[in-house]
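Coordinates as given in upload19.cif (mmCIF, C-alpha atoms):
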```
data_query
loop_
_atom_site.group_PDB
_atom_site.id
_atom_site.type_symbol
_atom_site.label_atom_id
_atom_site.label_comp_id
_atom_site.auth_asym_id
_atom_site.auth_seq_id
_atom_site.Cartn_x
_atom_site.Cartn_y
_atom_site.Cartn_z
ATOM 1 C CA MET A 1 79.008 122.821 127.923
ATOM 2 C CA ALA A 2 75.637 124.518 127.917
ATOM 3 C CA ARG A 3 74.131 126.413 130.809
ATOM 4 C CA GLY A 4 71.756 123.594 131.777
ATOM 5 C CA GLU A 5 74.409 120.854 131.729
ATOM 6 C CA ILE A 6 76.599 119.569 134.539
ATOM 7 C CA GLU A 7 79.313 116.946 133.981
ATOM 8 C CA TRP A 8 81.541 114.849 136.235
ATOM 9 C CA LYS A 9 83.613 111.663 136.145
ATOM 10 C CA ARG A 10 83.360 108.563 138.298
ATOM 11 C CA ARG A 11 84.269 104.889 138.271
ATOM 12 C CA ASP A 12 81.734 102.154 137.530
ATOM 13 C CA GLU A 13 81.406 98.759 139.250
ATOM 14 C CA ASP A 14 84.285 97.340 137.185
ATOM 15 C CA GLY A 15 86.609 100.231 138.035
ATOM 16 C CA GLU A 16 86.371 101.798 134.568
ATOM 17 C CA LYS A 17 86.167 105.575 134.176
ATOM 18 C CA VAL A 18 82.735 106.876 133.198
ATOM 19 C CA GLN A 19 81.746 110.397 132.226
ATOM 20 C CA VAL A 20 78.304 111.426 133.414
ATOM 21 C CA ARG A 21 76.279 114.409 132.215
ATOM 22 C CA ALA A 22 73.025 115.734 133.641
ATOM 23 C CA VAL A 23 70.949 117.990 131.408
ATOM 24 C CA LYS A 24 68.169 120.220 132.740
ATOM 25 C CA SER A 25 64.927 119.439 130.944
ATOM 26 C CA GLY A 26 61.835 121.271 132.115
ATOM 27 C CA ASP A 27 61.520 120.662 135.846
ATOM 28 C CA GLY A 28 63.663 117.519 135.753
ATOM 29 C CA TRP A 29 67.112 116.254 134.869
ATOM 30 C CA ILE A 30 68.126 113.684 132.262
ATOM 31 C CA PHE A 31 71.321 111.742 132.944
ATOM 32 C CA TYR A 32 73.686 110.522 130.217
ATOM 33 C CA HIS A 33 76.900 108.510 130.403
ATOM 34 C CA ARG A 34 79.782 107.389 128.202
ATOM 35 C CA SER A 35 82.998 105.539 128.848
ATOM 36 C CA ARG A 36 85.340 107.250 126.409
ATOM 37 C CA ARG A 37 85.661 110.746 125.047
ATOM 38 C CA PHE A 38 84.480 110.027 121.510
ATOM 39 C CA ASP A 39 81.786 107.505 122.430
ATOM 40 C CA ARG A 40 78.157 108.493 122.054
ATOM 41 C CA TRP A 41 76.261 109.742 125.081
ATOM 42 C CA GLU A 42 73.692 107.170 126.204
ATOM 43 C CA VAL A 43 70.760 107.782 128.530
ATOM 44 C CA LEU A 44 71.376 106.566 132.070
ATOM 45 C CA ASP A 45 68.012 105.087 133.065
ATOM 46 C CA THR A 46 68.611 104.685 136.792
ATOM 47 C CA PRO A 47 71.163 107.156 138.138
ATOM 48 C CA SER A 48 72.762 106.071 141.382
ATOM 49 C CA GLU A 49 72.611 107.923 144.671
ATOM 50 C CA ASP A 50 76.180 109.115 144.059
ATOM 51 C CA ASP A 51 75.156 110.547 140.677
ATOM 52 C CA TRP A 52 72.334 112.527 142.283
ATOM 53 C CA LEU A 53 74.690 113.815 144.990
ATOM 54 C CA ALA A 54 77.278 114.806 142.367
ATOM 55 C CA LEU A 55 74.548 116.696 140.519
ATOM 56 C CA LEU A 56 73.518 118.444 143.745
ATOM 57 C CA ASP A 57 77.145 119.470 144.312
ATOM 58 C CA GLY A 58 77.337 120.864 140.784
ATOM 59 C CA VAL A 59 74.067 122.761 141.197
ATOM 60 C CA ARG A 60 75.293 124.268 144.472
ATOM 61 C CA ARG A 61 78.548 125.399 142.858
ATOM 62 C CA ARG A 62 76.759 126.973 139.911
ATOM 63 C CA ALA A 63 74.154 128.653 142.113
ATOM 64 C CA ALA A 64 76.961 130.253 144.127
ATOM 65 C CA ARG A 65 78.377 131.718 140.889
ATOM 66 C CA ARG A 66 74.890 132.724 139.705
ATOM 67 C CA LEU A 67 75.037 130.416 136.696
ATOM 68 C CA ILE A 68 71.874 128.590 137.714
ATOM 69 C CA ARG A 69 68.773 129.770 139.556
ATOM 70 C CA PRO A 70 69.159 129.505 143.360
ATOM 71 C CA GLU A 71 65.770 127.790 143.823
ATOM 72 C CA GLU A 72 66.995 124.874 141.691
ATOM 73 C CA GLU A 73 68.986 123.604 144.679
ATOM 74 C CA SER A 74 65.911 123.252 146.912
ATOM 75 C CA ARG A 75 63.931 121.685 144.045
ATOM 76 C CA LEU A 76 66.702 119.122 143.488
ATOM 77 C CA ILE A 77 66.929 118.339 147.204
ATOM 78 C CA GLY A 78 63.206 117.539 147.165
ATOM 79 C CA VAL A 79 63.662 115.154 144.235
ATOM 80 C CA ILE A 80 66.588 113.402 145.946
ATOM 81 C CA ARG A 81 64.658 113.038 149.210
ATOM 82 C CA ARG A 82 61.731 111.443 147.364
ATOM 83 C CA ARG A 83 64.029 108.998 145.548
ATOM 84 C CA PHE A 84 66.226 108.176 148.550
ATOM 85 C CA PRO A 85 64.250 108.591 151.786
ATOM 86 C CA GLY A 86 66.422 108.713 154.867
ATOM 87 C CA LEU A 87 69.384 110.210 153.050
ATOM 88 C CA ASP A 88 70.972 113.014 155.092
ATOM 89 C CA LEU A 89 71.456 116.068 152.870
ATOM 90 C CA LYS A 90 73.388 118.960 154.339
#
```
How would this structure read if it were set down as structure tokens?
Amino acid sequence: MARGEIEWKRRDEDGEKVQVRAVKSGDGWIFYHRSRRFDRWEVLDTPSEDDWLALLDGVRRRAARRLIRPEEESRLIGVIRRRFPGLDLK
């Protein structure tokens, strides 16, 4: 996994496992998903609120280990607040 990538697993609406990857691109993030290990990564057009929160968790963990710039956390929080107004981020 590259420095600008964060991955996690979750379940979709049907209860199937899905792997999600967020890749840092410029000032933004591009989300990808796949259902099985050897499937191709496909772009996730509309990431869910849970995907954004999982990305924020990953950014916070990496910032604590100095693997990602610390200001990326505040930048990501701003993006999440614009997409999901009223969401309480701690």
For the provided coordinates, the residues matched by the PyMOL selection byres ((chain A and resi 9) around 7) should be stated as a list in words.
Trp8, Arg10, Lys17, Val18, Gln19 and Val20 of chain A
Apply the PyMOL selection byres ((chain A and resi 77-90) around 8) to the file shown and report the selected residues as a short mmCIF file (atom, residue, chain, number, x, y, z; two decimals) with C-alpha atoms, keeping the file's coordinate frame.
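Below is the file that was written, out.cif:
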```cif
data_model
loop_
_atom_site.label_atom_id
_atom_site.label_comp_id
_atom_site.auth_asym_id
_atom_site.auth_seq_id
_atom_site.Cartn_x
_atom_site.Cartn_y
_atom_site.Cartn_z
CA GLU A 49 72.61 107.92 144.67
CA TRP A 52 72.33 112.53 142.28
CA LEU A 56 73.52 118.44 143.74
CA GLU A 73 68.99 123.60 144.68
CA SER A 74 65.91 123.25 146.91
CA ARG A 75 63.93 121.68 144.04
CA LEU A 76 66.70 119.12 143.49
#
```
What would the selection look like, as an MDAnalysis selection string, if the PyMOL selection byres ((chain A and resi 36) around 10) were run on the coordinates I just shared?
chainID A and resid 16:19 33:35 37:41
In Å to one decimal, how far is atom CA of A:Phe31 from atom CA of A:Val43?
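Rounded to one decimal, the two atoms are 6.0 Å apart.
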Can you pull out every residue within 12 Å of A:Gly4, counting all atoms listed in the file, but drop anything in the same chain fewer than 4 positions away, and send it as a list in words?
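So, after excluding close chain neighbours, the residues are Arg21, Ala22, Val23, Lys24, Ser25, Gly26, Asp27, Gly28, Trp29, Ile30, Phe31, Leu55, Gly58, Val59, Arg62, Ala63, Leu67, Ile68, Arg69 and Glu72 of chain A.
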Keeping only C-alpha atoms, take the residues you just selected and write them out as a compact mmCIF listing (two decimals), in the coordinates of the input.
```
# COMPACT_ATOMS: atom_id res chain seq x y z
CA ARG A 21 76.28 114.41 132.22
CA ALA A 22 73.03 115.73 133.64
CA VAL A 23 70.95 117.99 131.41
CA LYS A 24 68.17 120.22 132.74
CA SER A 25 64.93 119.44 130.94
CA GLY A 26 61.84 121.27 132.12
CA ASP A 27 61.52 120.66 135.85
CA GLY A 28 63.66 117.52 135.75
CA TRP A 29 67.11 116.25 134.87
CA ILE A 30 68.13 113.68 132.26
CA PHE A 31 71.32 111.74 132.94
CA LEU A 55 74.55 116.70 140.52
CA GLY A 58 77.34 120.86 140.78
CA VAL A 59 74.07 122.76 141.20
CA ARG A 62 76.76 126.97 139.91
CA ALA A 63 74.15 128.65 142.11
CA LEU A 67 75.04 130.42 136.70
CA ILE A 68 71.87 128.59 137.71
CA ARG A 69 68.77 129.77 139.56
CA GLU A 72 67.00 124.87 141.69
```
Could you give me the centre and size, in Å to one decimal, of an axis-aligned box around all listed atoms of stretch 23-37 of chain A with 8 Å added on every side, as JSON?
```
{"center_x": 73.6, "center_y": 113.4, "center_z": 130.4, "size_x": 40.1, "size_y": 31.7, "size_z": 26.8}
```
Å distance separating atom CA of A:Asp51 from atom CA of A:Glu5, one decimal place
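Computed distance, atom CA of A:Asp51 to atom CA of A:Glu5, equals 13.7 Å.
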So, with only C-alpha atoms as the atoms that count, which of A:Glu7, A:Arg65, A:Asp14, A:Tyr32 lies closest to A:Asp45?
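Of all the options, A:Tyr32 lies closest to A:Asp45.
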What's the separation between atom CA of A:Ser48 and atom CA of A:Arg66, in Å to one decimal place?
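Distance reported for this atom pair: 26.8 Å.
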